[in-house]
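Just below is one structure, and these are the notes that go with it.
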Amino acid sequence: MVAITLPDGSTRRYEKPITGADVATDIGPGLAKAALAVRVSGTIRDLSAVIESDCDLSIVTRKDPDALELLRHDAAHVMAEAVQELYPGTQVTIGPAIENGFYYDFAREEAFTPDDLVKIEERMREIVDRNETITREVWEREKAIDHFKSLGEHYKAEIVNDLPTDEPVSIYRQGNWLDLCLGPHLPSTGKLGKAFKLSKLAGAYWRGDSRNTMLQRIYGTAWADEKQLKKYLTMVEEAEKRDHRKIGQEMDLFHLQSEAQGSVFWHSNGYMLWRALEKYLRRRLDSAGYQEVKTPQLMDASQWEVSGHWGKYRENMFVVPDEVPNIEDNAPVISGNAALMAMKPMNCPAHVLIFRQGIKSYRDLPIRMAEFGCCHRNEPHGALHGLMRVRQFTQDDAHIFCREDQIVDEVRRFCELLDTIYKDLGFEAYTIKLALRPENRFGSDEMWDKAENNLRDAVRLTGRATSEYGWEELPGEGAFYSPKLEFHLTDAIGRTWQCGTIQLDYVLPERLDASYIGEDGAKHRPVLLHRAILGTFERFIGILIEHFAGKFPLWLAPIQAVVCTITEDSNAYANDVATELRDAGLRIETDLRNEKINYKIREHSLAKVPVIVIVGKKEVEEQTVALRRLGGAAQEVLALKDAADRLAQESAAP
């Protein structure tokens with residue numbers, strides 16, 4: 001007897017083992033037709049999988065959130081079948097589902113072209129129309145290796161050969177085509193539907209190792225229906241228009257070049273934006289009781305060894321010898337002699353060293369220590385991406401040293417500060433996720449229980465620990481020393497970005513011997529809260545550029561207004577206007593060129609200048625200005641003093 005409990009709490013009992021497909025049919029023909037897979041006690045399995053023991057069970061349909069990964073994995077298989085039909089001799093390697101889509105890596109002497117993608121996509125549609133049955137088979141290891149070798153599929157044979165000896169060799173047959181795969185998969189290719197699109201070509205080393213053969217990767221996207229696909233493709237198109245690298249060039253904000261891989265050259269306009277953001281954030285931190293500090297970028301490697309970062313982040317740290325020649329890259333740290341120094345990849349150990357200066361009392365806590373700290377991480381060349389992934393970056397970092405009884409209130413205060421800052425910066429929507437203990441971690445289970453519960457309690461106090469606000473817990477995603485809250489904001493076109501974090505750390509104060517004198521006169525360890533709101537200035541500015549498509553609110557705009565003349569006779573008055581506006585606190589430029597006014601307006605509009613101040617003969621005579629807003633065709637004529645007052649008010653930071 002097999003007892004199956006359904007999502008509504010009802011139980012169905014069967015005399016013998018039964019497949020998921022049969023359970024769906026038993027429930028009703030409509031569900032059987034819509035079924036894609038089955039969830040057995042939380043695990044997705046094929047519809048054809050036999051259920052032999054009591055379990056909780058639900059049927060996965062296209063409306064199920066888990067269906068997307070299933071559809072995308074099948075899309076990768078259908079693409080691989082299409083490629084091998086169209087281009088015999090091509091070897092398939094690995095093809096997983098990924099965020100928003102899928103890819104497959106192929107070994108082929110001739111390079112694929114964009115025209116090939118059109119052909120492959122059309123053949124994929126034909127395979128969907130064939131409605132090929134998909135079935136799972138388990139093969140003997142040697143049979144699988146011999147089979148793939150006989151087809152010239154040397155990569156597949158290598159994968160099989162490298163499988164653990166106790167792991168079954170799972171093969172999925174799709175019509176006459178088959179592939180090595182763990183599954184699960186749809187019952188047939190017809191269930192995939194046609195809401196997919198191949199997007200781009202790229203190179204990829206076999207198994208991600210640059211010493212191996214370069215393969216050809218084809219990316220695609222797949223969705224539950226055409227409406228979702230169209231929405232996604234529209235978002236991608238809009239994202240390309242908003243690319244921060246393109247807009248950054250148009251607005252003369254920054255550039256990157258090979259002489260400083262992963263570091264940003266900020267131009268005057270870009271650094272004006274940076275300074276406006278930094279000034280706003282500094283004012284908010286000052287009012288929230290933070291003390292700003294500045295710490296060294298280069299520290300003795302022994303410090304990183306004690307903190308635990310050396311063992312975890314060594315390969316991502318820039319390390320230099322200090323007065324000791326011919327140090328080998330993997331030489332041990334020579335503590336005390338400073339044989340190795342490291343550029344800091346984060347600020348926390350340095351902040352602990354400041355905390356340790358002098359005796360701290362329980363009355364001194366909490367101490368909120370902030371730093372716009374410049375850090376370096378040795379990111380791989382292939383991972384670098386504009387402002388979004390760099391090697392040198394500045395964190396809006398802070399560390400809060402507090403007592404146990406202050407944890408929940410400090411985390412709540414941080415959440416409320418972050419909420420107002422995100423809204424000031426134009427991000428109304430964000431979600432909070434709690435990243436829980438990873439498998440490889442420092443500290444006891446008791447410590448992790450306390451830390452995770454404190455973070456939960458703080459978010460509950462803000463009222464955001466509900467599904468309505470996207471609250472989610474992420475098992476295994478915490479740092480090696482602490483659980484953390486992640487803040488994922490949503491931009492203007494619906495993309496999400498993980499920016500803010502707060503981590504509750506009992507480990508580092510212990511490892512770095514931080515203490516305070518308690519009310520009982522004894523030494524106690526402070527709790528350390530690592531927190532950031534923007535994450536890094538570089539990445540957050542990239543997000544801001546794309547969120548606003550370069551059309552920043554007036555207070556953030558690098559150049560807030562340009563004074564443009566219609567004729568040369570207006571030049572002297574234009575300079576007076578610029579002086580008046582600068583005196584009102586605005587960032588102003590003048591355009592006195594001998595060009596037509598429409599040409600000037602078009603040029604400054606492309607540069608995303610929020611306000612164009614136009615002066616001509618009439619404005620000179622009446623001591624007025626004509627204001628033209630970005631994206632508008634109308635002009636508003638105001639007395640110069642009134643215009644200065646209004647723009648000054650509009651440009652005030654929140």
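Residue numbering restarts at 1 for every chain of the structure tokens, chains are lettered A, B, ... in their displayed order, and ligands are numbered from 1 as they appear.
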
According to DSSP computed on the backbone, where in range 153-319 of chain A is there alpha helix (DSSP H)? Give the residues as an MDAnalysis selection string. chainID A and resid 154:162 226:241 244:250 268:287 301:307 309:313

Determine, counting only C-alpha atoms, which protein, DNA and RNA residues have an atom within 10 Å of an atom of Ala288 in chain A; residues of the same chain fewer than 2 positions away are not included. Present the result as a PyMOL selection string. chain A and resi 282-286+290-291+368+413-414+417

Let's have the selection written as a CSV table (one decimal), in the first residue's frame, with C-alpha atoms.
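The file below, part_27.csv, is the result:
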```
chain,number,residue,atom,x,y,z
A,282,ARG,CA,27.7,60.7,4.3
A,283,ARG,CA,24.9,63.0,5.5
A,284,ARG,CA,22.6,60.1,6.1
A,285,LEU,CA,25.3,58.2,8.0
A,286,ASP,CA,26.2,61.2,10.1
A,290,TYR,CA,28.0,56.5,12.4
A,291,GLN,CA,31.7,57.5,12.9
A,368,ARG,CA,28.9,52.3,14.3
A,413,ARG,CA,17.6,50.4,12.6
A,414,PHE,CA,19.7,49.4,9.6
A,417,LEU,CA,17.8,53.4,7.1
```

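Picture a line from CA of Gly426 in chain A to CA of Thr394 in chain A; it runs 21.3 Å.
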
Contact residues around Gln174 in chain A with only C-alpha atoms at 8 Å, ignoring same-chain residues under 6 positions, as a PyMOL selection string: chain A and resi 132-135+188-189

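Using only C-alpha atoms, the contacts of Leu581 in chain A at a cut-off of 9 Å, with sequence neighbours closer than 6 positions omitted, comprise A:Ala561, A:Arg587, A:Ile588, A:Leu640, A:Lys641, A:Ala643, A:Ala644, A:Asp645, A:Leu647, A:Ala648.
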
For the selection just defined, write its residues with C-alpha atoms to a file, as a PDB file, in the first residue's frame.
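Contents of result_26.pdb, freshly written:
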```pdb
ATOM      1  CA  ALA A 561      21.787  72.660 -16.346  1.00  0.00           C
ATOM      2  CA  ARG A 587      26.281  72.436 -11.257  1.00  0.00           C
ATOM      3  CA  ILE A 588      26.237  74.577 -14.399  1.00  0.00           C
ATOM      4  CA  LEU A 640      16.324  84.908 -13.417  1.00  0.00           C
ATOM      5  CA  LYS A 641      15.978  85.060  -9.612  1.00  0.00           C
ATOM      6  CA  ALA A 643      14.494  80.377 -11.945  1.00  0.00           C
ATOM      7  CA  ALA A 644      17.512  80.153  -9.642  1.00  0.00           C
ATOM      8  CA  ASP A 645      15.323  79.693  -6.566  1.00  0.00           C
ATOM      9  CA  LEU A 647      16.095  75.016  -9.616  1.00  0.00           C
ATOM     10  CA  ALA A 648      17.955  75.232  -6.306  1.00  0.00           C
TER      11      ALA A 648
END
```

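Compared by their closest atoms to Glu137 in chain A, and using only C-alpha atoms, the residues A:Ala204, A:Met447, A:Ala157, A:Ala49 rank with A:Ala49 nearest.
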
Set the distance at 8 Å and use only C-alpha atoms: which residues neighbour Tyr155 in chain A once local chain neighbours fewer than 6 positions away are removed? I'd like the list as number ranges by chain. A: 91-93

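Counting only C-alpha atoms and comparing A:Leu508, A:Ala276, A:Cys181, A:Leu340, the residue that lies closest to Ser307 in chain A is A:Leu508.
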
Please identify which residues in range 29-275 of chain A DSSP calls strand (DSSP E) from the backbone, and express them as a ChimeraX atom specification. /A:37-40,43-45,50-51,55-60,91-92,97-98,101-107,134-139,169-174,177-180,196-205,214-222,254-255,265-266

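With only C-alpha atoms taken into account, the protein and nucleic acid residues at most 12 Å from Glu621 in chain A (excluding it and anything under 4 positions from it in its own chain) are Asp569, Ser570, Tyr573, Val615, Gly616, Lys617, Val625, Ala639 and Leu640 of chain A.
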